[in-house]
Each structure stands twice: as structure tokens, then as C-alpha cells.
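Enquirer: Input: one structure, supplied below.
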Amino acid sequence: MSPSPQTGPEGLLEDEVGALIASAGRRPEVDARVRATVFAAVEQAWQEQGAQRRRRRGLKRLLAASLAGMALLLGWRDFRQDPAVAGPVGVFVAARGPVQVAPLGARGLIVAGDALEAGTSISTGGTGEVLVNLGSVALRIGPATTVVLDSDGQVRLDRGRVYVDSGGPADHAQRVVVDTPLGRVTHLGTEFQVRLDPSRLLSVSVREGSVVILDGAGRGQRITRGQGVDVAAGGAVTRLAVSPTDASWEWVGRLLPDFAIDGRPLSAFLDWYAREEGLRLVLVPPLSRPQVERTILSGSISGLTPRQALDAVMATTRFDYDTSTPGELRIQLRKRVTQGT
Amino acid sequence: MTYEDDLQLVGKLIRQDQEAFRAFFDDYFPRLYRFVLRRLQGDSEAARDVAQAALIKAVRHLESYRGEASLFTWICQIGRHALSDYLARNRRQEIYVRRLVDLEDDPQTRAILESIPASAETEPENQRERDDVASLVHAALDYLPHRYAQVLEMKYLEDLPVESIAERLGVTAIAVQSLLARARTAFREASSSLLPSLGRNDPRGESVFGAQGAKP
């Protein structure tokens with residue numbers, strides 16, 4: 001005997017799933033000749049692309065080897081004495097206010113898109129701010145700060161404050177370590193701030209994800225979203241709560257990396273906005289994550305503030321946003337106006 | 001949220017894994033072809049050209065796939081561009097404008113197709129509605145993970161018993177039952193939201209897709 005009919009979350013009987021699929025019949029098959037023709041064309045393009053990729057890799061290796069050889073011949077650098085990774089470790093993205101970068105290179109100036117070599121020192125004045133990319137990680141350098149880009153993924157903070165945004169959980173593979181005289185901060189994703197006061201107080205706060213702080217004595221502290229820790233010069237540690245919307249994060253929003261929306265899902269934009277504002281993204285049922293993932297955006301939000309960008313983007317979708325609940329960015333389906341009434 | 005399996009597959013394609021390429025093609029080409037075919041009113045020759053152009057572009061830009069949406073969504077987006085290019089070249093856009101395609105291109109409908117599910121309160125009243133339902137069921141199956149669609153078709157179209165499905169897939173009968181349960185849930189979730197868009201009244205008395213699907 002068969003059991004009583006089971007119903008799904010939407011009340012649809014299991015038998016009805018079968019009936020619906022059966023009534024629709026088979027999906028149209030692809031003719032074997034069509035398949036073979038397209039397969040050959042796509043496979044050829046795929047193989048050509050692979051060959052091109054290999055050629056590019058080969059050229060890069062050749063170039064790197066040539067440069068290394070030239071450097072040794074010309075005595076530019078004694079690699080045996082300095083094991084730090086040579087070559088570009090970051091890209092200069094933007095700056096405002098008084099900023100000093102050293103070395104500047106032959107041109108004597110630095111512009112957006114320029115590579116930053118290992119050992120580059122960046123200092124900002126009281127109103128200066130700098131944004132650099134270390135691979136997929138955005139590093140924002142605050143006012144009155146000095147940092148040195150030691151090597152790939154390693155930053156030395158001598159004074160001031162930096163903010164690290166790894167771009168979300170997808171980029172956890174890339175690690176950035178912030179070294180200070182009072183301890184080393186390693187992120188486990190995704191947004192955190194490190195501040196070194198002139199009074200030699202190290203403050204670390206986490207807006208999203210978690211970080212581990214290793215002090216000079218090798219003791220580890222792990223802090224997560226909404227938490228902070230102060231490490232005094234003598235080693236005393238104080239834990240405290242730092243809300244993701246705390247005023248101490250405000251400087252971070254003044255120098256934003258461009259977020260390219262063209263061809264990307266709405267969910268990526270909403271995740272970005274929520275991160276930038278320290279908000280938690282809430283999708284109000286019946287809206288679901290797949291719905292915002294499958295809404296693909298086009299255009300650009302370059303030059304807009306995050307809020308302006310949110311207004312502009314959401315106006316093109318079928319969703320509304322609401323930020324009236326503290327700490328939350330709530331997205332819901334827009335209520336429809338019935339036509340013809 | 002990322003699509004780890006899709007990212008892994010793309011990683012293999014970038015590393016020129018021939019087996020992965022075959023699996024990729026066998027899985028994605030038929031779905032993309034049908035996706036395009038629905039938008040070209042069944043013009044199979046044009047669908048072949050557009051799907052081919054889209055897949056070639058996809059394999060040339062694999063590095064730009066970030067795993068933010070499913071690989072199929074990403075490929076469909078490329079397919080949409082290829083379709084626009086084709087229609088612009090051939091100046092035949094007006095021929096292909098059709099209600100079903102409008103519905104499927106609606107961002108919300110697309111989203112539902114991706115998450116997949118169905119209500120079946122009333123029988124379609126005419127052939128066009130039946131065709132629309134069938135096309136959307138096919139589209140829903142195409143958006144499902146390949147394994148889900150495969151097992152649902154074996155069960156409900158070929159009417160195979162669980163044991164035979166297990167034998168064909170090389171897994172145990174228990175695994176097939178579990179797979180079927182997940183596949184039914186996924187299909188149900190999508191179709192229950194999707195089918196009201198064809199004009200069926202949803203239980204709350206309003207159409208999910210507004211004017212196009214609403215009844216007076």
C-alpha cells in the first residue's frame with residue numbers, strides 16, 4: 001500500500017511534481033550533428049585559449065628571469081641579503097590630501113594603476129588618505145599614518161591606522177598580515193581596522209569576519225565582528241565592543257574603491273554596500289538569495305556615494321530597500337500597483 | 001555565497017582538463033541551446049550559432065567567472081549578449097518577441113528558475129497555456145543541477161523504478177531516493193512560484209509577476 005500523499009513546502013503533492021514533468025514531456029534534444037559541430041568549434045577555441053595562456057605564462061617567466069639576470073649583473077640588489085619578495089606587491093588606486101610615497105620611481109610621481117614595489121613606504125598627513133590594492137585585498141590607509149609594504153600580503157604599520165577589506169568570504173584564500181611593534185594581526189576574513197597610537201597603544205577592531213592578534217610574547221587573541229582589543233606597550237590587553245556602525249569606522253567610507261557592477265549580480269552589489277556601511281544584509285521573505293543573485297546589473301556607479309549608488313541600482317530592480325532597522329539593510333520585493341483599476 | 005563546485009569546474013577548464021571540458025560541454029551546451037532556442041521561436045539553426053558563439057566567448061573568458069552566480073547563470077548572461085548581437089545583425093528582433101520569453105527574462109522569473117519550483121491548482125485552459133507551462137517546466141529543469149533534472153526525468157518521464165535508476169547512475173537505491181527527494185524539493189520550490197506567472201491565481205490572490213500574469 002502506498003502511504004498518504006506527501007506535500008512539499010508549497011503544498012504541492014509529490015505526485016503532482018511527477019504529473020507536471022510528465023505533462024511537459026521531454027526537453028527538446030540537441031541534434032547529434034549540431035552537437036558535434038559546436039563541440040568541435042568550442043573545443044578549438046578552448047584549446048587556443050589554453051595555448052595562449054601558456055604562452056603568456058612562458059613570456060612572464062622569461063621576462064622575470066631576464067630582469068633577475070639584469071638586476072644581478074648590474075648589482076642593483078643583493079638578493080642573498082634580502083629574502084623579501086621583490087617586485088610589485090600592490091597597486092596604487094587613489095589618494096586625497098597630503099601623501100608621500102617612496103620610492104617614487106623615475107617619473108617622480110605616482111598615478112592610479114601604478115605598481116607598488118616591495119619596500120614602498122606610504123605616509124599620509126593629517127588629512128591624507130590612500131587606497132591601494134594588495135591583490136584582491138583593499139588596504140585603506142588613514143590620516144597621519146605610515147605604512148611599509150614589506151612583501152606580498154605583508155604590511156608594516158609604523159603609526160596611524162589602516163583598514164583591510166578582503167572583499168568577502170570568497171577571497172579568504174588571500175591573507176594580509178599587518179605587523180606593528182606591538183603585535184601582528186592576521187585576518188581570517190574580512191574587514192578590520194588596526195590603529196597604532198603615538199602613545200604606543202595598538203587597537204584592533206573587526207567589522208566583519210575575524211582576526212588573530214599575536215603579541216610580542218607569542219600570545220594570541222582572536223576577535224570577531226563587533227569586537228575590539230587594545231594592546232598596551234606593556235602587553236596589557238583590554239577587550240571591548242566596537243559596533244560595525246561605530247563612529248571609528250567613518251573615515252573608511254571617505255575613500256572608496258570603485259565597485260564595478262556591470263554584468264555582476266545584484267547580490268554582489270548588496271554585499272558590497274552592506275560591508276561598506278557595516279550593515280547586515282537581510283532578505284525579507286518571500287525574497288530569497290537566489291532571486292538577488294540572478295538579477296544581473298549593468299552600467300556603472302562610478303563617482304557615486306554608496307547611498308547614491310544604492311538608490312540608483314535599486315531603482316532599476318523590482319526590489320526595495322529599508323535601512324530604518326539599526327544595523328540592517330533590508331531588501332524586499334517591491335509591492336505592485338495593480339493595473340486597470 | 002559562492003558556487004564552489006562551479007568554481008572548481010572552471011578551475012579545471014583553465015588548467016585544460018580534457019575530461020572536465022567534455023563534462024562541461026555535455027552539461028551546459030544542451031541547456032544553453034534550449035535557453036536560446038526558446039528565445040528564437042524554435043529557429044534551431046540560429047540557436048546553434050548563438051549558443052556556439054556564447055560558449056566560445058565563455059571559454060575565452062573563464063578567468064572572469066567569480067562564482068557569484070551559478071555557472072549556468074553566467075553562461076546565460078553571455079548567451080543573452082550573443083543573442084542581442086545576433087538579432088541586431090539580422091534585424092529580426094520583432095519576430096521573436098513573445099510572452100513566454102518576456103516572462104523568462106523577467107529578473108524575478110529568472111531568479112525563480114534558478115532556485116527552481118510549482119502549484120498545480122488548475123489545468124491549463126488552452127494549448128498556448130499548455131505550451132507555456134511545458135516550456136517553463138523545461139526551463140526549470142534546465143536551471144536545476146544536471147543530476148537533479150536527470151533523476152526527475154528518469155523517474156517521471158521514463159517511469160523507471162528506483163532500482164533501475166540506481167543501476168544506471170551507479171549508485172545505491174537509497175542514494176537515488178535521497179537524490180529524488182532533493183530534486184523534487186528543488187523543482188517544487190521553483191515551479192510553485194513560477195507557474196502563477198502564467199496567469200494562475202496564487203493562493204494570496206495576486207500574481208507574482210504582476211500585470212503579465214494577473215487575471216482581471
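Ligands are numbered from 1 in the order shown, residues from 1 within each chain, and chains are lettered A, B, ... in the order they appear in the C-alpha cells.
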Could you list, as a list in words, every residue of chain A that has an atom within 6 Å of an atom of chain B, counting only C-alpha atoms?
Expert: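 The answer, sorted by residue number, is Leu12, Gly18, Ala22, Ala24, Arg27, Val38, Val42, Trp46, Gln49, Pro290, Gln291, Glu293, Arg294 and Thr295 of chain A.
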Enquirer: Give me a file of those residues, with all heavy atoms, as a short mmCIF file (atom, residue, chain, number, x, y, z; two decimals), in the first residue's frame.
Expert:
data_model
loop_
_atom_site.label_atom_id
_atom_site.label_comp_id
_atom_site.auth_asym_id
_atom_site.auth_seq_id
_atom_site.Cartn_x
_atom_site.Cartn_y
_atom_site.Cartn_z
N LEU A 12 2.43 21.50 -2.74
CA LEU A 12 2.30 20.73 -3.98
C LEU A 12 2.57 19.27 -3.68
O LEU A 12 3.55 18.90 -3.08
CB LEU A 12 3.32 21.25 -4.99
CG LEU A 12 3.28 20.59 -6.36
CD1 LEU A 12 1.96 20.88 -7.05
CD2 LEU A 12 4.43 21.12 -7.20
N GLY A 18 5.50 14.94 -10.35
CA GLY A 18 5.66 13.97 -11.44
C GLY A 18 4.72 14.26 -12.58
O GLY A 18 5.11 14.20 -13.76
N ALA A 22 5.78 15.06 -16.32
CA ALA A 22 5.32 14.13 -17.35
C ALA A 22 4.49 14.86 -18.41
O ALA A 22 4.63 14.60 -19.61
CB ALA A 22 4.50 13.01 -16.71
N ALA A 24 4.74 17.91 -19.33
CA ALA A 24 5.58 18.79 -20.17
C ALA A 24 6.33 17.99 -21.22
O ALA A 24 6.73 18.52 -22.25
CB ALA A 24 6.57 19.55 -19.28
N ARG A 27 12.42 17.39 -22.75
CA ARG A 27 13.02 18.64 -23.22
C ARG A 27 13.55 18.41 -24.63
O ARG A 27 14.01 17.29 -24.93
CB ARG A 27 14.18 19.05 -22.29
CG ARG A 27 13.72 19.55 -20.94
CD ARG A 27 14.87 19.87 -20.04
NE ARG A 27 15.48 18.66 -19.49
CZ ARG A 27 16.60 18.64 -18.78
NH1 ARG A 27 17.24 19.77 -18.53
NH2 ARG A 27 17.09 17.52 -18.31
N VAL A 38 29.25 22.03 -32.88
CA VAL A 38 29.51 23.05 -31.86
C VAL A 38 30.64 22.60 -30.95
O VAL A 38 31.50 23.39 -30.57
CB VAL A 38 28.22 23.36 -31.06
CG1 VAL A 38 28.51 24.35 -29.95
CG2 VAL A 38 27.14 23.91 -31.99
N VAL A 42 33.88 24.87 -30.16
CA VAL A 42 34.15 25.36 -28.80
C VAL A 42 35.45 24.75 -28.27
O VAL A 42 36.26 25.43 -27.63
CB VAL A 42 32.97 25.05 -27.85
CG1 VAL A 42 33.27 25.52 -26.44
CG2 VAL A 42 31.69 25.72 -28.35
N TRP A 46 38.69 26.70 -26.92
CA TRP A 46 39.19 26.41 -25.57
C TRP A 46 40.67 26.06 -25.61
O TRP A 46 41.47 26.53 -24.79
CB TRP A 46 38.34 25.28 -24.98
CG TRP A 46 38.79 24.75 -23.66
CD1 TRP A 46 38.82 25.41 -22.47
CD2 TRP A 46 39.31 23.43 -23.39
NE1 TRP A 46 39.28 24.58 -21.48
CE2 TRP A 46 39.59 23.38 -22.01
CE3 TRP A 46 39.53 22.31 -24.17
CZ2 TRP A 46 40.10 22.22 -21.41
CZ3 TRP A 46 40.03 21.16 -23.58
CH2 TRP A 46 40.31 21.12 -22.21
N GLN A 49 42.76 29.09 -26.41
CA GLN A 49 42.86 29.96 -25.23
C GLN A 49 43.88 29.41 -24.25
O GLN A 49 44.66 30.14 -23.65
CB GLN A 49 41.48 30.09 -24.57
CG GLN A 49 41.39 31.13 -23.47
CD GLN A 49 41.63 32.54 -23.98
OE1 GLN A 49 41.43 32.81 -25.16
NE2 GLN A 49 42.08 33.43 -23.12
N PRO A 290 18.67 33.44 -4.00
CA PRO A 290 18.81 33.22 -5.46
C PRO A 290 18.19 34.32 -6.29
O PRO A 290 18.66 34.63 -7.38
CB PRO A 290 18.09 31.88 -5.67
CG PRO A 290 18.22 31.18 -4.36
CD PRO A 290 18.11 32.27 -3.32
N GLN A 291 17.11 34.93 -5.79
CA GLN A 291 16.47 35.98 -6.58
C GLN A 291 17.39 37.18 -6.77
O GLN A 291 17.41 37.77 -7.84
CB GLN A 291 15.16 36.41 -5.92
CG GLN A 291 14.04 35.40 -6.14
CD GLN A 291 12.81 35.77 -5.34
OE1 GLN A 291 12.71 35.48 -4.17
NE2 GLN A 291 11.88 36.44 -5.98
N GLU A 293 20.61 36.99 -6.51
CA GLU A 293 21.82 36.54 -7.22
C GLU A 293 21.60 36.54 -8.72
O GLU A 293 22.53 36.73 -9.49
CB GLU A 293 22.21 35.13 -6.78
CG GLU A 293 22.94 35.09 -5.46
CD GLU A 293 23.29 33.69 -5.04
OE1 GLU A 293 22.82 32.73 -5.67
OE2 GLU A 293 24.04 33.56 -4.06
N ARG A 294 20.40 36.27 -9.13
CA ARG A 294 20.13 36.13 -10.57
C ARG A 294 19.72 37.43 -11.23
O ARG A 294 19.47 37.48 -12.42
CB ARG A 294 19.05 35.08 -10.81
CG ARG A 294 19.61 33.69 -10.91
CD ARG A 294 20.20 33.25 -9.61
NE ARG A 294 20.53 31.85 -9.59
CZ ARG A 294 20.90 31.20 -8.50
NH1 ARG A 294 20.99 31.84 -7.35
NH2 ARG A 294 21.19 29.94 -8.55
N THR A 295 19.63 38.50 -10.47
CA THR A 295 19.37 39.80 -11.07
C THR A 295 20.71 40.40 -11.47
O THR A 295 21.52 40.73 -10.60
CB THR A 295 18.64 40.71 -10.08
OG1 THR A 295 17.40 40.11 -9.74
CG2 THR A 295 18.39 42.08 -10.67
#
Enquirer: Pick out the residues sitting within 10 Å of A:Asp114, and hand them over as a PyMOL selection string; count only C-alpha atoms, and ignore anything fewer than 4 positions along from it in its own chain.
Expert: chain A and resi 88+90-93+109-110+132
Enquirer: What parts of stretch 143-264 of chain A does DSSP call strand (DSSP E or B)? I'd like the answer as a ChimeraX atom specification.
Expert: /A:146-151,154-165,177-180,183-196,202-215,220-224,227-231,237-241
Enquirer: Could you tell me how far atom CA of A:Arg175 sits from atom CA of A:Val130, in Å to one decimal place?
Expert: 20.0 Å
Enquirer: Please, what distance in Å, to one decimal, runs between atom CA of A:Leu104 and atom CA of A:Leu149?
Expert: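 Atom CA of A:Leu104 sits 13.7 Å away from atom CA of A:Leu149.
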Enquirer: Quick one: of B:Ser64, B:Leu160, B:Ala47, B:Ala20, who's nearest to B:Arg80, counting only C-alpha atoms?
Expert: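 Residue with the minimum atom-to-atom distance to B:Arg80: B:Ala47.
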Enquirer: Figure out the distance between atom CA of A:Arg207 and atom CA of A:Ile223, please, to one decimal in Å.
Expert: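 So the two atoms, atom CA of A:Ile223 and atom CA of A:Arg207, lie 10.1 Å apart.
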Enquirer: Taking into account only C-alpha atoms, which residue in the set A:Leu196, A:Leu281, A:Val99, A:Val162 is nearest to A:Trp249?
Expert: A:Val162
Enquirer: Can you tell me which residues surround stretch 224-238 of chain A at a distance of at most 7 Å, considering only C-alpha atoms, apart from same-chain residues fewer than 4 positions away, and format the answer as a ChimeraX atom specification?
Expert: /A:182,200-211,242-244
